[in-house]
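Data block below; observations after.
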Amino acid sequence: MSKSAPRILVARIWHESNGFNPQPTSKADFQICEGDELLAAAVTSGSTLAGIIQQLSKEQVDILPSISVVAPPGGLVDHAFFIEVKERLISDAAALEPDAIALELHGAMATTLLDDAEGDLLAGVRAAVGETVPIGIGLDLHAHVTVAMLAAVDLCIACKENPHSDVVECGEKVAAYLLAMLNGSLRPVTAMAKIPMILPGAAETAAGPLREIHDQARLATKDCPAIWDVSLFNVFRYADDEDIGQAAVVLTNDAGQKGELVAHSLAQAFWEKRVRFADELLSIGEALNTVAEAGSRRPFVLADMGDRVLAGAPGDSTAILEAALDRQDGLRGAIPITDPQAVDIAFKVGLGNIVSCAVGGRVTPGFRPLSIAGKVIHLSSGDFTLAGPFQGGEPSSMGRTAVVEIDDRLLIVLTAKAAFSHDPAVFTSQGIELASRDFFVVKSGYHFKLNFGAAATPLLVRTPGVGYYTKGSLSYRRARFWPEHDNGDPAVHVRIFDRASAYSAAFG
């Protein structure tokens, strides 16, 4: 490498793709920026890309911005758009000839033709830049990390917390470790251990069995200086791909054997604690009763677990709305529903007028639309900025949005696009103040707790849909894992990815 300032290419291609959502994610669903706009956005963004750029900005490096494409989790990504983005990134990498590449990916992207989109993307980037250009990726801990991904990169680091309070720190680590590679102080050898199981519940990292396994990982890092990072992946449960499983990825400084032992023990710990991974969810009726009976704790935020957009569901469930309409206690709520047809009708009817139409239930298999009548009280483009901290400062869009008031108490936020509804700005951007409601519904299971914070009391609600796993509820074609399948007492599979040798000649 030249003694001049290192030149680091940065980019983000982020999507979590639910294979059971029948509606593909198109180019129009993505927020796209590039060049200087990408760098400027990182100043206020609560993202892994922001962490990468902020860390690099502290060093004597030249940052080469490529492209950022981000969409809320949803159905499989349109393959043609994926190819367009892939070719753009590869073209930039080949033309700019960077000394290293830092990427934010989700790790669970699939297209209408590819199960492992990121593995394909990274293989293409590696082929374009050769074997001696370091590539580091920062992933969501819900990634489906694959052999193809790790074979193409030098650093694979996930955020460690769920909800994801540490995504910026993840990016900072990716950037810092790439620079360590460039100065010769890190010779990466990575071990990945997998066990064919998923977590049916208890997926928050602050308590329970997952906290215990993360504590074990932190202790391993503390006890062995050669271990630079341990990333534990709660595999995305809605990826219908081969080799699905909980994964432990251990990054070492030329200490593959130690990494192998640690990765194996962590993967085995998942299996040994498997029966403890269970959620305690409220029924819709129990949740609404709690809202009615505990006035001092209002407002509440109800997580619509089955229709979680943040797990790739369409966001078109009417289950909580229907239950709220049937109640006679006057509870005031705000409920988002994805339905572009209903939005079009509301816009045609116009502000201040009564709209009668069916809403929701048009995409998710087994759902049905619900007929409503109410007053159109707000119309907008649906563009807003996430308040954070998770993804704070990021631009987002619900598409054209209409707020319909029913019975002077329930506000239905009809959106043309599925939205990042884990954030209070979904509501406040439409003129709905948190203090005005007894409850809000979000299409998120974890991150809403971080973004609503102390402003509302969280409740996790068992609801139908393709955004929550229960055994037998989804039809997997390729994936084989516990508890969906009886795999007996499976062995932990460990693989070593030795990039140190690739750089010995280049960096000494």
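FYI, nothing fancy with the structure tokens labels: chains A, B, ... in order, residues from 1 per chain, ligands from 1 as they appear.
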Q. Contacts of Trp271 of chain A at 9 Å or less, counting only C-alpha atoms, minus same-chain residues fewer than 3 places along, as a ChimeraX atom specification?
A. /A:195-197,246,267-268,274-275,489-490
Q) Leaving out segment 201-209 of chain A and any residue of its chain fewer than 2 positions from it, which residues lie within 8 Å of it when counting only C-alpha atoms, given as a PyMOL selection string? A) chain A and resi 160-163+199+211-214+234+273+276-279+446
Would you mind exporting N, CA, C and O atoms of the selected residues as a short mmCIF file (atom, residue, chain, number, x, y, z; two decimals), in the first residue's frame?
```cif
data_model
loop_
_atom_site.label_atom_id
_atom_site.label_comp_id
_atom_site.auth_asym_id
_atom_site.auth_seq_id
_atom_site.Cartn_x
_atom_site.Cartn_y
_atom_site.Cartn_z
N LYS A 160 -24.31 -5.70 18.61
CA LYS A 160 -24.39 -6.68 19.69
C LYS A 160 -25.68 -6.60 20.49
O LYS A 160 -25.95 -7.49 21.31
N GLU A 161 -26.46 -5.56 20.30
CA GLU A 161 -27.63 -5.35 21.13
C GLU A 161 -28.92 -5.48 20.34
O GLU A 161 -28.99 -5.09 19.17
N ASN A 162 -29.94 -6.02 20.97
CA ASN A 162 -31.29 -6.05 20.43
C ASN A 162 -32.25 -5.61 21.53
O ASN A 162 -32.38 -6.32 22.53
N PRO A 163 -32.90 -4.42 21.39
CA PRO A 163 -32.88 -3.50 20.26
C PRO A 163 -31.47 -2.98 19.94
O PRO A 163 -30.62 -2.95 20.81
N LEU A 199 -34.19 -18.85 17.14
CA LEU A 199 -34.73 -18.48 18.44
C LEU A 199 -36.23 -18.24 18.29
O LEU A 199 -36.64 -17.26 17.67
N ARG A 211 -28.77 -13.03 26.97
CA ARG A 211 -27.83 -12.21 27.77
C ARG A 211 -26.69 -13.10 28.27
O ARG A 211 -25.51 -12.70 28.25
N GLU A 212 -27.01 -14.31 28.70
CA GLU A 212 -25.98 -15.21 29.23
C GLU A 212 -24.96 -15.57 28.15
O GLU A 212 -23.75 -15.61 28.42
N ILE A 213 -25.43 -15.81 26.93
CA ILE A 213 -24.51 -16.18 25.86
C ILE A 213 -23.67 -14.98 25.44
O ILE A 213 -22.46 -15.12 25.17
N HIS A 214 -24.26 -13.81 25.42
CA HIS A 214 -23.48 -12.61 25.11
C HIS A 214 -22.45 -12.33 26.20
O HIS A 214 -21.33 -11.88 25.90
N ASN A 234 -28.54 -13.90 15.57
CA ASN A 234 -29.86 -14.51 15.70
C ASN A 234 -30.47 -14.56 14.31
O ASN A 234 -31.06 -13.59 13.85
N LYS A 273 -29.42 -24.12 25.56
CA LYS A 273 -30.40 -23.24 26.19
C LYS A 273 -31.68 -23.11 25.37
O LYS A 273 -32.54 -22.26 25.67
N ARG A 276 -35.36 -22.45 26.52
CA ARG A 276 -35.63 -21.22 27.26
C ARG A 276 -35.93 -20.02 26.36
O ARG A 276 -36.32 -18.96 26.85
N PHE A 277 -35.77 -20.21 25.06
CA PHE A 277 -36.02 -19.11 24.12
C PHE A 277 -37.51 -19.08 23.76
O PHE A 277 -37.95 -19.64 22.76
N ALA A 278 -38.29 -18.44 24.62
CA ALA A 278 -39.74 -18.37 24.43
C ALA A 278 -40.23 -16.99 24.82
O ALA A 278 -39.74 -16.39 25.78
N ASP A 279 -41.21 -16.47 24.08
CA ASP A 279 -41.79 -15.17 24.37
C ASP A 279 -43.03 -15.32 25.24
O ASP A 279 -43.73 -16.34 25.20
N TYR A 446 -39.03 -4.94 18.72
CA TYR A 446 -37.95 -4.61 19.64
C TYR A 446 -37.54 -3.15 19.56
O TYR A 446 -37.47 -2.45 20.57
#
```
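Taking atom CA of Ala176 of chain A as the reference point, atom CA of Val70 of chain A is found at 23.7 Å.
Minimum atom-to-atom distances from A:Glu84, A:Glu433, A:Glu484, A:Glu118 to Pro299 of chain A were compared using only C-alpha atoms, and the lowest value belongs to A:Glu433.
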Please report, as CSV, each residue of segment 306-333 of chain A lying at most 12 Å from segment 419-426 of chain A, together with the nearest pair of atoms and the separation in Å rounded to one decimal; use only C-alpha atoms, and order rows by chain and ascending residue number.
```
residue,atom,partner,partner_atom,distance
A:Asp307,CA,A:Ser421,CA,11.2
A:Arg308,CA,A:Ser421,CA,8.9
A:Val309,CA,A:Ala419,CA,6.9
A:Leu310,CA,A:Phe420,CA,6.8
A:Ala311,CA,A:Phe420,CA,10.4
A:Gly312,CA,A:Ala419,CA,10.3
A:Ala313,CA,A:Ala419,CA,10.4
A:Pro314,CA,A:Ala419,CA,9.2
A:Gly315,CA,A:Ala419,CA,7.9
A:Asp316,CA,A:Ala419,CA,10.9
```
Quick one: write out the picked residues with N, CA and C atoms as a PDB file, in the first residue's frame?
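Result went into part.pdb, see below:
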```pdb
ATOM      1  N   ASP A 307     -47.484  -8.827  12.317  1.00  0.00           N
ATOM      2  CA  ASP A 307     -47.465  -7.957  11.135  1.00  0.00           C
ATOM      3  C   ASP A 307     -46.307  -6.967  11.210  1.00  0.00           C
ATOM      4  N   ARG A 308     -45.188  -7.407  11.790  1.00  0.00           N
ATOM      5  CA  ARG A 308     -44.045  -6.520  11.959  1.00  0.00           C
ATOM      6  C   ARG A 308     -43.406  -6.168  10.617  1.00  0.00           C
ATOM      7  N   VAL A 309     -43.520  -4.926  10.229  1.00  0.00           N
ATOM      8  CA  VAL A 309     -42.795  -4.474   9.043  1.00  0.00           C
ATOM      9  C   VAL A 309     -41.297  -4.628   9.270  1.00  0.00           C
ATOM     10  N   LEU A 310     -40.858  -4.458  10.514  1.00  0.00           N
ATOM     11  CA  LEU A 310     -39.437  -4.597  10.791  1.00  0.00           C
ATOM     12  C   LEU A 310     -38.973  -6.045  10.775  1.00  0.00           C
ATOM     13  N   ALA A 311     -39.875  -6.978  10.474  1.00  0.00           N
ATOM     14  CA  ALA A 311     -39.499  -8.355  10.168  1.00  0.00           C
ATOM     15  C   ALA A 311     -39.880  -8.705   8.740  1.00  0.00           C
ATOM     16  N   GLY A 312     -40.278  -7.699   7.962  1.00  0.00           N
ATOM     17  CA  GLY A 312     -40.578  -7.912   6.552  1.00  0.00           C
ATOM     18  C   GLY A 312     -42.028  -8.189   6.230  1.00  0.00           C
ATOM     19  N   ALA A 313     -42.934  -8.081   7.211  1.00  0.00           N
ATOM     20  CA  ALA A 313     -44.356  -8.277   6.935  1.00  0.00           C
ATOM     21  C   ALA A 313     -44.916  -7.070   6.181  1.00  0.00           C
ATOM     22  N   PRO A 314     -46.066  -7.235   5.510  1.00  0.00           N
ATOM     23  CA  PRO A 314     -46.601  -6.138   4.688  1.00  0.00           C
ATOM     24  C   PRO A 314     -47.157  -4.956   5.468  1.00  0.00           C
ATOM     25  N   GLY A 315     -47.503  -5.148   6.746  1.00  0.00           N
ATOM     26  CA  GLY A 315     -48.061  -4.038   7.511  1.00  0.00           C
ATOM     27  C   GLY A 315     -49.525  -3.788   7.232  1.00  0.00           C
ATOM     28  N   ASP A 316     -50.248  -4.815   6.764  1.00  0.00           N
ATOM     29  CA  ASP A 316     -51.639  -4.602   6.353  1.00  0.00           C
ATOM     30  C   ASP A 316     -52.660  -5.251   7.279  1.00  0.00           C
TER      31      ASP A 316
END
```
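Take atom CA of Pro336 of chain A and atom CA of His15 of chain A: the distance between them is 21.0 Å.
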Q: Measuring atom to atom with only C-alpha atoms, identify which of A:Leu386, A:Val376, A:Ala334, A:Arg477 is nearest to Leu411 of chain A.
A: A:Ala334
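Comparing the minimum interatomic distances between Phe300 of chain A and each of A:Pro24, A:Pro458, A:Gly333, A:Gly75, counting only C-alpha atoms, we find that A:Pro458 sits nearest.
When the distance limit is 8 Å and only C-alpha atoms are what count, the residues near Leu64 of chain A, minus those fewer than 6 positions from it on the same chain, are Arg7, Ile8, Leu9, Val10, Gly35, Leu96 and Pro98 of chain A.
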Q: Might you pull out every residue within 10 Å of Thr457 of chain A, with only C-alpha atoms counted and same-chain residues fewer than 2 positions away left off, and present them as a list in words?
A: Val291, Arg297, Arg298, Pro299, Phe300, Val301, Leu302, Phe439, Phe440, Lys449, Phe452, Gly453, Ala454, Ala455 and Leu459 of chain A
Residues of the last selection are to be written out with C-alpha atoms, as a CSV table (one decimal), in the first residue's frame.
```csv
chain,number,residue,atom,x,y,z
A,291,VAL,CA,-54.5,-0.1,28.3
A,297,ARG,CA,-49.1,4.1,32.4
A,298,ARG,CA,-50.6,5.6,29.2
A,299,PRO,CA,-49.8,5.9,26.4
A,300,PHE,CA,-49.0,2.3,25.6
A,301,VAL,CA,-47.3,1.1,22.5
A,302,LEU,CA,-48.6,-2.2,21.2
A,439,PHE,CA,-52.3,3.6,22.7
A,440,PHE,CA,-50.3,3.4,19.5
A,449,LYS,CA,-38.8,0.2,22.8
A,452,PHE,CA,-40.2,5.5,22.1
A,453,GLY,CA,-38.2,5.2,25.3
A,454,ALA,CA,-39.9,6.5,28.4
A,455,ALA,CA,-42.6,8.2,26.4
A,459,LEU,CA,-46.7,-4.3,25.2
```
Q: Give the answer as one residue: which of A:Asp438, A:Ala180, A:Cys159, A:Phe384 has the shortest atom-to-atom distance to Asn289 of chain A, using only C-alpha atoms?
A: A:Asp438
